[in-house]
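J.: Structure provided below as structure tokens; questions to follow.
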Amino acid sequence: MRIDKDTLGELYGRVGVGNQTMLGIMGNNRDVSVGEIFMIYSQRDGHERVFFFRVLGLENYLRQVDDMARVAGTLMVEGDAYLSGIERNMLLSVDGKMLGYAEKIKDEWKFRSPRRLPDHLAHVYRPIAGTSDEVVQEMLGSQTDGEVYVGDLQIGEGTLDVPIMMPSKYLAMHVGIFGSTGAGKSNLMMVLIKSLIDTNLEAVTNPQEDLPKISAFCIDPHDEFAKGVDNYGIQNIIESMDQNTRSSLIGDFYYLTTHLSATQKEIRRYGRDIRILWNEIQPRDLYSIMEFSSEMYAFIEQVYSIHHENWIDTIITMNEEEDDIGTTKGTLRAVKRRLKFVERSPIFIKSGQSVLGDIYRAMESGRVLVVNTSLMSDMEQFLLTTIVTRTLSDLRRALKSSGNLSDFERQAQSRLPNSFFSSIKKSARSFYGVGGVADDSPVRDPRYLPVIQITVEEAPSILNPRLMRGQSVFKDISRQGRKFNIGLLVVSQQVSVLDNVILSQMNTEINLRLGNEREIKACIENASVNITGFENEFRVMSRGEALLTASYRELPLPVKIPLFDDVFERDMDRYKGKSSKKKVKHEL
Amino acid sequence: MLEKILTDQFRKKLKLLFTDIQNQQDRRDEEEFAKDEQRIKTQLLSTVDPYPPDVLLDEDFLVAAIDGSGTDNLMLLDDVRVHLFSTASILVNTNTQAEQVFEPIRTELIEEELGEQPHLETHWHSGVRYDASKKLAETLAEVYPVKDIANLVLPFFKDHSGGSISAYSDFTGTEYERRVPSLKDISSLISRERILTNPIVHEEIRKVSEYAAAHNILTSKFMPKYVMLDGAMSVFMHHVFKYPSMPSGFMLRELASLARKENVILCAVSKNHTIPFAHKIAKMARDVFGEGAKWFCHLPCSSDPGGGLHIYEDRTYIPPRLAVPYLFSFSRDNRPSRIDFDRIWWLETIFVKDDPVATRNNEKALFRELEFMSRDARWYGYPVALALAHEQCKLSYEDLRLAREICRDVRIEMKLDSVKTEPYRADYNL
Ligand SMILES: Nc1ncnc2c1ncn2[C@@H]1O[C@H](COP(=O)(O)OP(=O)(O)O)[C@@H](O)[C@H]1O
Ligand SMILES: [Mg+2]
């Protein structure tokens, strides 16, 4: 099988010098930019290989000149001097990194780390959109496939029609999104949310194929996702769905907010108020988000051991004078102070209607929730995320260690607040039982349940080393989440301040433009693929451009994330069921 | 070794040597030069009156240049040496009308007409007796486009005899009559058979490859105004036979006569030359014309008005047979270079009998163009087409290393023995 070299793109130049990772290419002085991908065709001993080369640095180079300064001097001194055919004699010396190579073995393209070198003077091709797409897509199949669309392969300033996907099974091994303000994090989140919806749509429309479903609890600190940053938002996707599609993809809500009554009418139809009962909160939820002294900790544990799920109410109403538990006034006051925000919060309520059960059911059904936290304090937001994450993981953990539904129920009961578990018990049995909901029905493996992505926005304030010293549900999830199929999606402007445990467990990073050299360095160090040498590249990235690195891939992928508005406009008809599509035709 | 070189002893030895040279050589030449000084200053030297940088030529023209490079040691297989030659042809267009001065013609266009650029050629011979000359003759016959022996040798005799020999029948009654049987094929034109060392073989093939490339340009559709060669137009003559001792001598004359026929100016430029007192002439030019002046200086031969110069009276190779050399300098920073023209062309086109002023004007017009084509900032003072040809043909150390590697690769691929191809001394780490 010979590669048709014409499909690789335009012939650009030749390989000059190089070693395993860095290469120098000489080529025509065309408009080349840092970040471009070149392909180097090499054939040796009957093996055809296509090496992928990323431009990291450029230098103009005048052929036949080793002393530019002298030539410049001559041009100055000798007023009648010229440079003949200078355009054609201008070469570009391109420094860059070998990303790896594709090789076809038994009709299948494999991609390998750069363990070998292309031949000296091998031809270098520059991919062209419209020509190279198909062959690149084929060669990079192993590096780009998956269910969740992120963007398209970027080659310099343009893109190829090579969609970059993330496999859903790796979402539970945690994803990081890093980028400074304005780098395009919010737009990327919206694109991802759409991709999740699309993945679920695929699963729902092809039930016989057993396709994965993905749930996500998406914190939206600026309330942008529903309405969108520019023209369209998630709400537009929901509205473009026909009744059936909508009810199978989002049920009857996707939007959570602190004040539903203040929400725009169209969105309100699919919204719910965020309300969590005090008795759904556990002491470890608070340990996850703030620091407690050992006295305070001992005191809380003691109250909890006696009053169980009513511990918050008990402490809040405890009379400081008649200390029946035997703690100091100081400790009690300090704990009360820490609980103050719970007491005052409109979303953590002593009694009333909780939304936690609905969140749980949504997450076990493959749904995406947009959680407007713009009117919450940081503490409220962190506590909410913590409770949701801990509740979901407790249930899946119980499931994981059970053989049948009665096992599960016992396990769950011991982990979760009583009243909460009672409220979702029936649903849980129907999600988890195989072939029925009898006590002795075997249970499902969490790996075959929807992947649950929990986004942690403003990650540094919650995933910092100080808070992570204690018991943190996030530390727990970052280490064990994959067993329960729950992953974190960490969104942060900074990498350097995040806790190492979290960073080291992360297997996919989407690195957008970064703010400063320190973050660039941290990002390069943290990446799951060796991207040393990419500093320049980060320095010239524009908004919406990213470098996707993943431990399960050899190739760091330059991705252009599309504008949400564009993908929405492209796909908006996809959400109408077949019947409604027909209707449109009739109308025409 | 180094200790010895660093000693005062060694320095003393050198001092003695230079004193010796100074005493014998320079003194005598000094005297000779004094005799020529006045004539050089007043008659032979002249300034170039350069075109302004933004000149628009009435007729833009093409300048072609050829240069070659190579190695006589691409590979050594016992007593067989493999030579590699690289020859490049370049064409530039004065293109003043389009304000793209001296724009090179695209390589694709050149290749379409003249074949792959640079052109690569290989050659080998063994140490077996007569093999060197046999193989050399084969390669030269293969390389040079003129295959008919009469067409190849007659131009020399015609030029040399002042037109009296223009056919084989004209040899009758001349000193060449006896030699006619030896003028039947290329191999019989190799009269230095016994001294065919590798460097001489190499030099000969390289020269002929360049002449062949020039020949192809002259017969191509390009029709340049100039064809420039690298080097001198020297022809080594056999002292007894009185004709060139190697085929390249005949070929150069054949090339020159073709150039004349096609109305093309054929010339050869050498940066390093063996003109004695070139530096003195340069100093004189600076003194007369000023520091930054561009100048040229005719080096006459004995049959020119006024005769040859004293300085090369005993140097028989200057001026070369049937060539007219000039010294020139177009750049204050460089030592003067030499340019040779075909004497027959020169007599027809530049020289005006009994009219030194007209001759000088013709020379000035010629050097004005040459100077104009030598202003590229990369090689200021040297013709740009030649510089480009040089750049294109040169085999760098790295190129050679790779070429040798490929040799080895090919041999292995062909399942020939995997003989070592590094120099023998490498075996002993020397
Ligand atoms: N992929 C993209 N392509 C083009 N423009 C984008 C892209 N992503 C974001 N933008 C634009 O950049 C601006 C900031 O994007 P945003 O997603 O809000 O950044 P962040 O959340 O990182 O601060 C928005 O106006 C948006 O339209
Ligand atoms: Mg944002």
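Identifiers for the structure tokens are assigned positionally: chains receive A, B, ... in sequence, residues are indexed from 1 per chain, and ligands are indexed from 1 in the order shown.
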For a quick test of understanding: name the residues of chain B lying within 6 Å of chain A when counting only C-alpha atoms, and present them as a list in words.
T.: Pro53, Phe102, Glu103, Pro104, Arg375, Asp376, Ala377 and Arg378 of chain B
J.: Keeping only all heavy atoms, write the selected residues to a file as a PDB file, in the first residue's frame.
T.:
ATOM      1  N   PRO B  53      22.656  52.634 -10.510  1.00  0.00           N
ATOM      2  CA  PRO B  53      21.936  51.474  -9.974  1.00  0.00           C
ATOM      3  C   PRO B  53      20.560  51.280 -10.604  1.00  0.00           C
ATOM      4  O   PRO B  53      20.076  50.157 -10.711  1.00  0.00           O
ATOM      5  CB  PRO B  53      21.789  51.775  -8.481  1.00  0.00           C
ATOM      6  CG  PRO B  53      22.712  52.901  -8.182  1.00  0.00           C
ATOM      7  CD  PRO B  53      23.061  53.585  -9.474  1.00  0.00           C
ATOM      8  N   PHE B 102      18.988  41.021 -12.378  1.00  0.00           N
ATOM      9  CA  PHE B 102      19.667  39.725 -12.313  1.00  0.00           C
ATOM     10  C   PHE B 102      18.840  38.653 -11.638  1.00  0.00           C
ATOM     11  O   PHE B 102      19.288  37.947 -10.751  1.00  0.00           O
ATOM     12  CB  PHE B 102      21.064  39.871 -11.715  1.00  0.00           C
ATOM     13  CG  PHE B 102      21.922  40.703 -12.598  1.00  0.00           C
ATOM     14  CD1 PHE B 102      22.146  42.033 -12.335  1.00  0.00           C
ATOM     15  CD2 PHE B 102      22.427  40.154 -13.771  1.00  0.00           C
ATOM     16  CE1 PHE B 102      22.876  42.820 -13.212  1.00  0.00           C
ATOM     17  CE2 PHE B 102      23.156  40.930 -14.655  1.00  0.00           C
ATOM     18  CZ  PHE B 102      23.382  42.269 -14.378  1.00  0.00           C
ATOM     19  N   GLU B 103      17.633  38.587 -12.109  1.00  0.00           N
ATOM     20  CA  GLU B 103      16.741  37.575 -11.578  1.00  0.00           C
ATOM     21  C   GLU B 103      17.102  36.223 -12.169  1.00  0.00           C
ATOM     22  O   GLU B 103      17.192  36.071 -13.381  1.00  0.00           O
ATOM     23  CB  GLU B 103      15.302  37.918 -11.943  1.00  0.00           C
ATOM     24  CG  GLU B 103      14.342  36.998 -11.262  1.00  0.00           C
ATOM     25  CD  GLU B 103      12.913  37.403 -11.531  1.00  0.00           C
ATOM     26  OE1 GLU B 103      12.590  37.653 -12.700  1.00  0.00           O
ATOM     27  OE2 GLU B 103      12.161  37.469 -10.570  1.00  0.00           O
ATOM     28  N   PRO B 104      17.339  35.243 -11.328  1.00  0.00           N
ATOM     29  CA  PRO B 104      17.670  33.917 -11.869  1.00  0.00           C
ATOM     30  C   PRO B 104      16.476  33.306 -12.608  1.00  0.00           C
ATOM     31  O   PRO B 104      15.330  33.483 -12.204  1.00  0.00           O
ATOM     32  CB  PRO B 104      17.984  33.085 -10.620  1.00  0.00           C
ATOM     33  CG  PRO B 104      18.234  34.073  -9.531  1.00  0.00           C
ATOM     34  CD  PRO B 104      17.425  35.285  -9.870  1.00  0.00           C
ATOM     35  N   ARG B 375      27.294  42.959  -8.826  1.00  0.00           N
ATOM     36  CA  ARG B 375      27.002  43.809  -7.684  1.00  0.00           C
ATOM     37  C   ARG B 375      26.121  43.149  -6.642  1.00  0.00           C
ATOM     38  O   ARG B 375      25.579  43.828  -5.778  1.00  0.00           O
ATOM     39  CB  ARG B 375      26.294  45.078  -8.159  1.00  0.00           C
ATOM     40  CG  ARG B 375      27.170  45.986  -8.970  1.00  0.00           C
ATOM     41  CD  ARG B 375      26.411  47.264  -9.211  1.00  0.00           C
ATOM     42  NE  ARG B 375      26.968  48.012 -10.323  1.00  0.00           N
ATOM     43  CZ  ARG B 375      26.301  49.007 -10.918  1.00  0.00           C
ATOM     44  NH1 ARG B 375      25.091  49.326 -10.510  1.00  0.00           N
ATOM     45  NH2 ARG B 375      26.853  49.654 -11.906  1.00  0.00           N
ATOM     46  N   ASP B 376      25.958  41.860  -6.732  1.00  0.00           N
ATOM     47  CA  ASP B 376      25.137  41.228  -5.705  1.00  0.00           C
ATOM     48  C   ASP B 376      25.849  41.365  -4.362  1.00  0.00           C
ATOM     49  O   ASP B 376      27.047  41.102  -4.251  1.00  0.00           O
ATOM     50  CB  ASP B 376      24.909  39.754  -6.010  1.00  0.00           C
ATOM     51  CG  ASP B 376      23.849  39.157  -5.095  1.00  0.00           C
ATOM     52  OD1 ASP B 376      24.164  38.895  -3.916  1.00  0.00           O
ATOM     53  OD2 ASP B 376      22.713  38.991  -5.545  1.00  0.00           O
ATOM     54  N   ALA B 377      25.098  41.779  -3.368  1.00  0.00           N
ATOM     55  CA  ALA B 377      25.711  42.083  -2.068  1.00  0.00           C
ATOM     56  C   ALA B 377      26.374  40.869  -1.430  1.00  0.00           C
ATOM     57  O   ALA B 377      27.233  40.998  -0.567  1.00  0.00           O
ATOM     58  CB  ALA B 377      24.659  42.653  -1.122  1.00  0.00           C
ATOM     59  N   ARG B 378      25.949  39.696  -1.861  1.00  0.00           N
ATOM     60  CA  ARG B 378      26.561  38.502  -1.272  1.00  0.00           C
ATOM     61  C   ARG B 378      27.973  38.264  -1.800  1.00  0.00           C
ATOM     62  O   ARG B 378      28.820  37.711  -1.111  1.00  0.00           O
ATOM     63  CB  ARG B 378      25.694  37.275  -1.573  1.00  0.00           C
ATOM     64  CG  ARG B 378      24.410  37.255  -0.778  1.00  0.00           C
ATOM     65  CD  ARG B 378      23.384  36.333  -1.403  1.00  0.00           C
ATOM     66  NE  ARG B 378      22.823  36.902  -2.630  1.00  0.00           N
ATOM     67  CZ  ARG B 378      21.879  36.311  -3.349  1.00  0.00           C
ATOM     68  NH1 ARG B 378      21.439  35.122  -3.009  1.00  0.00           N
ATOM     69  NH2 ARG B 378      21.397  36.884  -4.431  1.00  0.00           N
TER      70      ARG B 378
END
J.: Residues within 6 Å of ligand 1 (only C-alpha atoms and all ligand atoms), as a PyMOL selection string?
T.: chain A and resi 179-187+230+543-544+561-563
J.: To test your reading of the structure, identify every residue in range 57-240 of chain A that backbone DSSP assigns to helix (DSSP H, G or I), and report it as a PyMOL selection string.
T.: chain A and resi 68-77+86-89+133-139+141-144+168-173+185-205+207-209+234-239
J.: What residues in range 123-247 of chain A get the DSSP label strand (DSSP E or B)? Please answer as a PyMOL selection string.
T.: chain A and resi 123-126+148-155+158-166+175-178+214-220
J.: Mind dumping the selected residues with N, CA, C and O atoms as a compact mmCIF listing (two decimals), in the first residue's frame?
T.:
# COMPACT_ATOMS: atom_id res chain seq x y z
N HIS A 123 11.46 14.44 2.04
CA HIS A 123 10.54 15.50 1.63
C HIS A 123 9.59 15.89 2.75
O HIS A 123 9.07 15.03 3.44
N VAL A 124 9.40 17.17 2.86
CA VAL A 124 8.51 17.68 3.89
C VAL A 124 7.26 18.26 3.22
O VAL A 124 7.37 19.06 2.30
N TYR A 125 6.13 17.81 3.66
CA TYR A 125 4.87 18.29 3.08
C TYR A 125 4.13 19.15 4.08
O TYR A 125 4.16 18.91 5.27
N ARG A 126 3.45 20.11 3.49
CA ARG A 126 2.66 20.98 4.33
C ARG A 126 1.20 20.68 4.02
O ARG A 126 0.79 20.80 2.86
N VAL A 148 -16.43 12.23 22.23
CA VAL A 148 -16.72 13.62 22.59
C VAL A 148 -15.87 14.58 21.74
O VAL A 148 -14.65 14.61 21.85
N TYR A 149 -16.56 15.33 20.92
CA TYR A 149 -15.90 16.26 20.02
C TYR A 149 -15.36 17.48 20.78
O TYR A 149 -16.08 18.07 21.59
N VAL A 150 -14.11 17.83 20.54
CA VAL A 150 -13.52 19.00 21.19
C VAL A 150 -13.28 20.12 20.18
O VAL A 150 -13.51 21.29 20.46
N GLY A 151 -12.79 19.76 19.00
CA GLY A 151 -12.49 20.77 18.00
C GLY A 151 -11.87 20.08 16.80
O GLY A 151 -11.97 18.86 16.66
N ASP A 152 -11.19 20.86 15.97
CA ASP A 152 -10.59 20.30 14.77
C ASP A 152 -9.08 20.46 14.81
O ASP A 152 -8.57 21.40 15.41
N LEU A 153 -8.41 19.57 14.12
CA LEU A 153 -6.95 19.60 14.10
C LEU A 153 -6.48 20.91 13.49
O LEU A 153 -6.83 21.26 12.37
N GLN A 154 -5.66 21.60 14.25
CA GLN A 154 -5.17 22.87 13.77
C GLN A 154 -3.83 22.69 13.08
O GLN A 154 -2.95 21.99 13.56
N ILE A 155 -3.70 23.29 11.92
CA ILE A 155 -2.41 23.27 11.23
C ILE A 155 -2.07 24.72 10.95
O ILE A 155 -2.51 25.30 9.99
N GLY A 158 -4.89 27.59 9.98
CA GLY A 158 -6.13 26.95 9.56
C GLY A 158 -6.36 25.63 10.26
O GLY A 158 -5.63 25.25 11.17
N THR A 159 -7.39 24.96 9.82
CA THR A 159 -7.67 23.65 10.39
C THR A 159 -7.87 22.66 9.26
O THR A 159 -8.18 23.03 8.13
N LEU A 160 -7.71 21.41 9.59
CA LEU A 160 -8.07 20.35 8.66
C LEU A 160 -9.40 19.79 9.14
O LEU A 160 -9.76 19.92 10.30
N ASP A 161 -10.06 19.14 8.22
CA ASP A 161 -11.30 18.50 8.62
C ASP A 161 -10.96 17.17 9.31
O ASP A 161 -11.22 16.10 8.80
N VAL A 162 -10.32 17.31 10.45
CA VAL A 162 -9.96 16.14 11.23
C VAL A 162 -10.47 16.41 12.65
O VAL A 162 -9.84 17.11 13.42
N PRO A 163 -11.67 15.89 12.95
CA PRO A 163 -12.22 16.20 14.27
C PRO A 163 -11.42 15.53 15.38
O PRO A 163 -10.99 14.38 15.25
N ILE A 164 -11.18 16.28 16.43
CA ILE A 164 -10.46 15.75 17.59
C ILE A 164 -11.49 15.38 18.65
O ILE A 164 -12.29 16.22 19.06
N MET A 165 -11.46 14.12 19.02
CA MET A 165 -12.46 13.62 19.96
C MET A 165 -11.76 13.14 21.24
O MET A 165 -10.57 12.83 21.23
N MET A 166 -12.54 13.04 22.30
CA MET A 166 -12.03 12.40 23.52
C MET A 166 -12.86 11.15 23.74
O MET A 166 -14.09 11.20 23.66
N VAL A 175 -10.19 15.43 33.43
CA VAL A 175 -9.80 16.33 32.36
C VAL A 175 -9.49 17.69 32.99
O VAL A 175 -10.17 18.12 33.91
N GLY A 176 -8.45 18.34 32.49
CA GLY A 176 -8.16 19.69 32.94
C GLY A 176 -8.33 20.65 31.78
O GLY A 176 -7.94 20.34 30.65
N ILE A 177 -8.92 21.78 32.05
CA ILE A 177 -8.99 22.84 31.03
C ILE A 177 -8.28 24.05 31.60
O ILE A 177 -8.68 24.56 32.66
N PHE A 178 -7.23 24.46 30.95
CA PHE A 178 -6.44 25.57 31.49
C PHE A 178 -6.37 26.71 30.49
O PHE A 178 -6.16 26.48 29.30
N ILE A 214 -23.09 10.07 28.71
CA ILE A 214 -22.25 10.87 29.59
C ILE A 214 -23.12 11.89 30.33
O ILE A 214 -23.96 12.55 29.71
N SER A 215 -22.92 11.95 31.63
CA SER A 215 -23.62 12.97 32.41
C SER A 215 -22.61 14.02 32.84
O SER A 215 -21.43 13.73 32.96
N ALA A 216 -23.12 15.20 33.06
CA ALA A 216 -22.19 16.23 33.53
C ALA A 216 -22.91 17.20 34.43
O ALA A 216 -24.06 17.56 34.20
N PHE A 217 -22.21 17.57 35.46
CA PHE A 217 -22.69 18.57 36.40
C PHE A 217 -21.79 19.78 36.17
O PHE A 217 -20.66 19.84 36.64
N CYS A 218 -22.31 20.71 35.38
CA CYS A 218 -21.43 21.78 34.90
C CYS A 218 -21.66 23.07 35.67
O CYS A 218 -22.68 23.74 35.50
N ILE A 219 -20.69 23.40 36.46
CA ILE A 219 -20.75 24.66 37.20
C ILE A 219 -20.57 25.81 36.21
O ILE A 219 -19.67 25.78 35.37
N ASP A 220 -21.44 26.78 36.32
CA ASP A 220 -21.40 27.93 35.40
C ASP A 220 -21.33 29.20 36.23
O ASP A 220 -22.35 29.81 36.54
J.: List the spatial neighbours of Leu339 in chain A as a list in words - criterion: any atom at most 10 Å away, only C-alpha atoms, same-chain residues fewer than 5 positions off excluded.
T.: Leu286, Ile312, Asp313, Ile315, Ile316, Arg333, Ala334, Arg344 and Ser345 of chain A
J.: Deliver the residues from the most recent selection as a file, using all heavy atoms, as a PDB file, in the first residue's frame.
T.:
ATOM      1  N   LEU A 286     -17.945  19.409  54.687  1.00  0.00           N
ATOM      2  CA  LEU A 286     -17.358  20.657  55.149  1.00  0.00           C
ATOM      3  C   LEU A 286     -15.847  20.550  55.284  1.00  0.00           C
ATOM      4  O   LEU A 286     -15.121  21.499  54.979  1.00  0.00           O
ATOM      5  CB  LEU A 286     -17.996  21.081  56.480  1.00  0.00           C
ATOM      6  CG  LEU A 286     -19.391  21.669  56.279  1.00  0.00           C
ATOM      7  CD1 LEU A 286     -20.201  21.630  57.561  1.00  0.00           C
ATOM      8  CD2 LEU A 286     -19.292  23.095  55.749  1.00  0.00           C
ATOM      9  N   ILE A 312     -26.180  19.411  61.879  1.00  0.00           N
ATOM     10  CA  ILE A 312     -26.057  20.858  61.653  1.00  0.00           C
ATOM     11  C   ILE A 312     -27.078  21.614  62.477  1.00  0.00           C
ATOM     12  O   ILE A 312     -26.757  22.559  63.204  1.00  0.00           O
ATOM     13  CB  ILE A 312     -26.203  21.200  60.150  1.00  0.00           C
ATOM     14  CG1 ILE A 312     -25.009  20.634  59.400  1.00  0.00           C
ATOM     15  CG2 ILE A 312     -26.309  22.716  59.938  1.00  0.00           C
ATOM     16  CD1 ILE A 312     -25.006  20.929  57.922  1.00  0.00           C
ATOM     17  N   ASP A 313     -28.292  21.162  62.384  1.00  0.00           N
ATOM     18  CA  ASP A 313     -29.364  21.781  63.146  1.00  0.00           C
ATOM     19  C   ASP A 313     -29.020  21.753  64.638  1.00  0.00           C
ATOM     20  O   ASP A 313     -29.162  22.747  65.340  1.00  0.00           O
ATOM     21  CB  ASP A 313     -30.664  21.013  62.863  1.00  0.00           C
ATOM     22  CG  ASP A 313     -31.860  21.751  63.425  1.00  0.00           C
ATOM     23  OD1 ASP A 313     -31.750  23.004  63.564  1.00  0.00           O
ATOM     24  OD2 ASP A 313     -32.871  21.108  63.727  1.00  0.00           O
ATOM     25  N   ILE A 315     -26.066  21.610  66.104  1.00  0.00           N
ATOM     26  CA  ILE A 315     -25.004  22.543  66.481  1.00  0.00           C
ATOM     27  C   ILE A 315     -25.492  23.977  66.435  1.00  0.00           C
ATOM     28  O   ILE A 315     -25.235  24.775  67.339  1.00  0.00           O
ATOM     29  CB  ILE A 315     -23.768  22.363  65.570  1.00  0.00           C
ATOM     30  CG1 ILE A 315     -23.139  20.995  65.821  1.00  0.00           C
ATOM     31  CG2 ILE A 315     -22.735  23.474  65.804  1.00  0.00           C
ATOM     32  CD1 ILE A 315     -21.983  20.639  64.912  1.00  0.00           C
ATOM     33  N   ILE A 316     -26.238  24.301  65.392  1.00  0.00           N
ATOM     34  CA  ILE A 316     -26.687  25.692  65.242  1.00  0.00           C
ATOM     35  C   ILE A 316     -27.577  26.120  66.406  1.00  0.00           C
ATOM     36  O   ILE A 316     -27.511  27.252  66.863  1.00  0.00           O
ATOM     37  CB  ILE A 316     -27.393  25.865  63.874  1.00  0.00           C
ATOM     38  CG1 ILE A 316     -26.330  25.902  62.765  1.00  0.00           C
ATOM     39  CG2 ILE A 316     -28.224  27.142  63.834  1.00  0.00           C
ATOM     40  CD1 ILE A 316     -26.894  25.887  61.372  1.00  0.00           C
ATOM     41  N   ARG A 333     -18.211  27.954  69.347  1.00  0.00           N
ATOM     42  CA  ARG A 333     -18.398  29.203  68.616  1.00  0.00           C
ATOM     43  C   ARG A 333     -17.713  29.147  67.244  1.00  0.00           C
ATOM     44  O   ARG A 333     -18.278  29.573  66.247  1.00  0.00           O
ATOM     45  CB  ARG A 333     -17.793  30.369  69.414  1.00  0.00           C
ATOM     46  CG  ARG A 333     -18.869  31.122  70.153  1.00  0.00           C
ATOM     47  CD  ARG A 333     -18.316  32.442  70.648  1.00  0.00           C
ATOM     48  NE  ARG A 333     -18.831  32.659  71.980  1.00  0.00           N
ATOM     49  CZ  ARG A 333     -18.139  33.177  72.990  1.00  0.00           C
ATOM     50  NH1 ARG A 333     -16.891  33.527  72.811  1.00  0.00           N
ATOM     51  NH2 ARG A 333     -18.697  33.342  74.169  1.00  0.00           N
ATOM     52  N   ALA A 334     -16.534  28.595  67.262  1.00  0.00           N
ATOM     53  CA  ALA A 334     -15.783  28.521  66.002  1.00  0.00           C
ATOM     54  C   ALA A 334     -16.528  27.659  64.980  1.00  0.00           C
ATOM     55  O   ALA A 334     -16.623  28.006  63.803  1.00  0.00           O
ATOM     56  CB  ALA A 334     -14.397  27.961  66.250  1.00  0.00           C
ATOM     57  N   ARG A 344     -27.220  30.782  56.688  1.00  0.00           N
ATOM     58  CA  ARG A 344     -27.773  31.958  56.008  1.00  0.00           C
ATOM     59  C   ARG A 344     -28.092  31.712  54.540  1.00  0.00           C
ATOM     60  O   ARG A 344     -28.801  32.478  53.923  1.00  0.00           O
ATOM     61  CB  ARG A 344     -26.745  33.094  56.059  1.00  0.00           C
ATOM     62  CG  ARG A 344     -26.642  33.679  57.437  1.00  0.00           C
ATOM     63  CD  ARG A 344     -25.717  34.867  57.346  1.00  0.00           C
ATOM     64  NE  ARG A 344     -25.470  35.395  58.674  1.00  0.00           N
ATOM     65  CZ  ARG A 344     -24.383  36.079  59.001  1.00  0.00           C
ATOM     66  NH1 ARG A 344     -23.468  36.319  58.089  1.00  0.00           N
ATOM     67  NH2 ARG A 344     -24.230  36.538  60.227  1.00  0.00           N
ATOM     68  N   SER A 345     -27.536  30.669  54.003  1.00  0.00           N
ATOM     69  CA  SER A 345     -27.654  30.459  52.573  1.00  0.00           C
ATOM     70  C   SER A 345     -29.076  30.154  52.148  1.00  0.00           C
ATOM     71  O   SER A 345     -29.779  29.396  52.808  1.00  0.00           O
ATOM     72  CB  SER A 345     -26.750  29.289  52.158  1.00  0.00           C
ATOM     73  OG  SER A 345     -27.084  28.875  50.865  1.00  0.00           O
TER      74      SER A 345
END
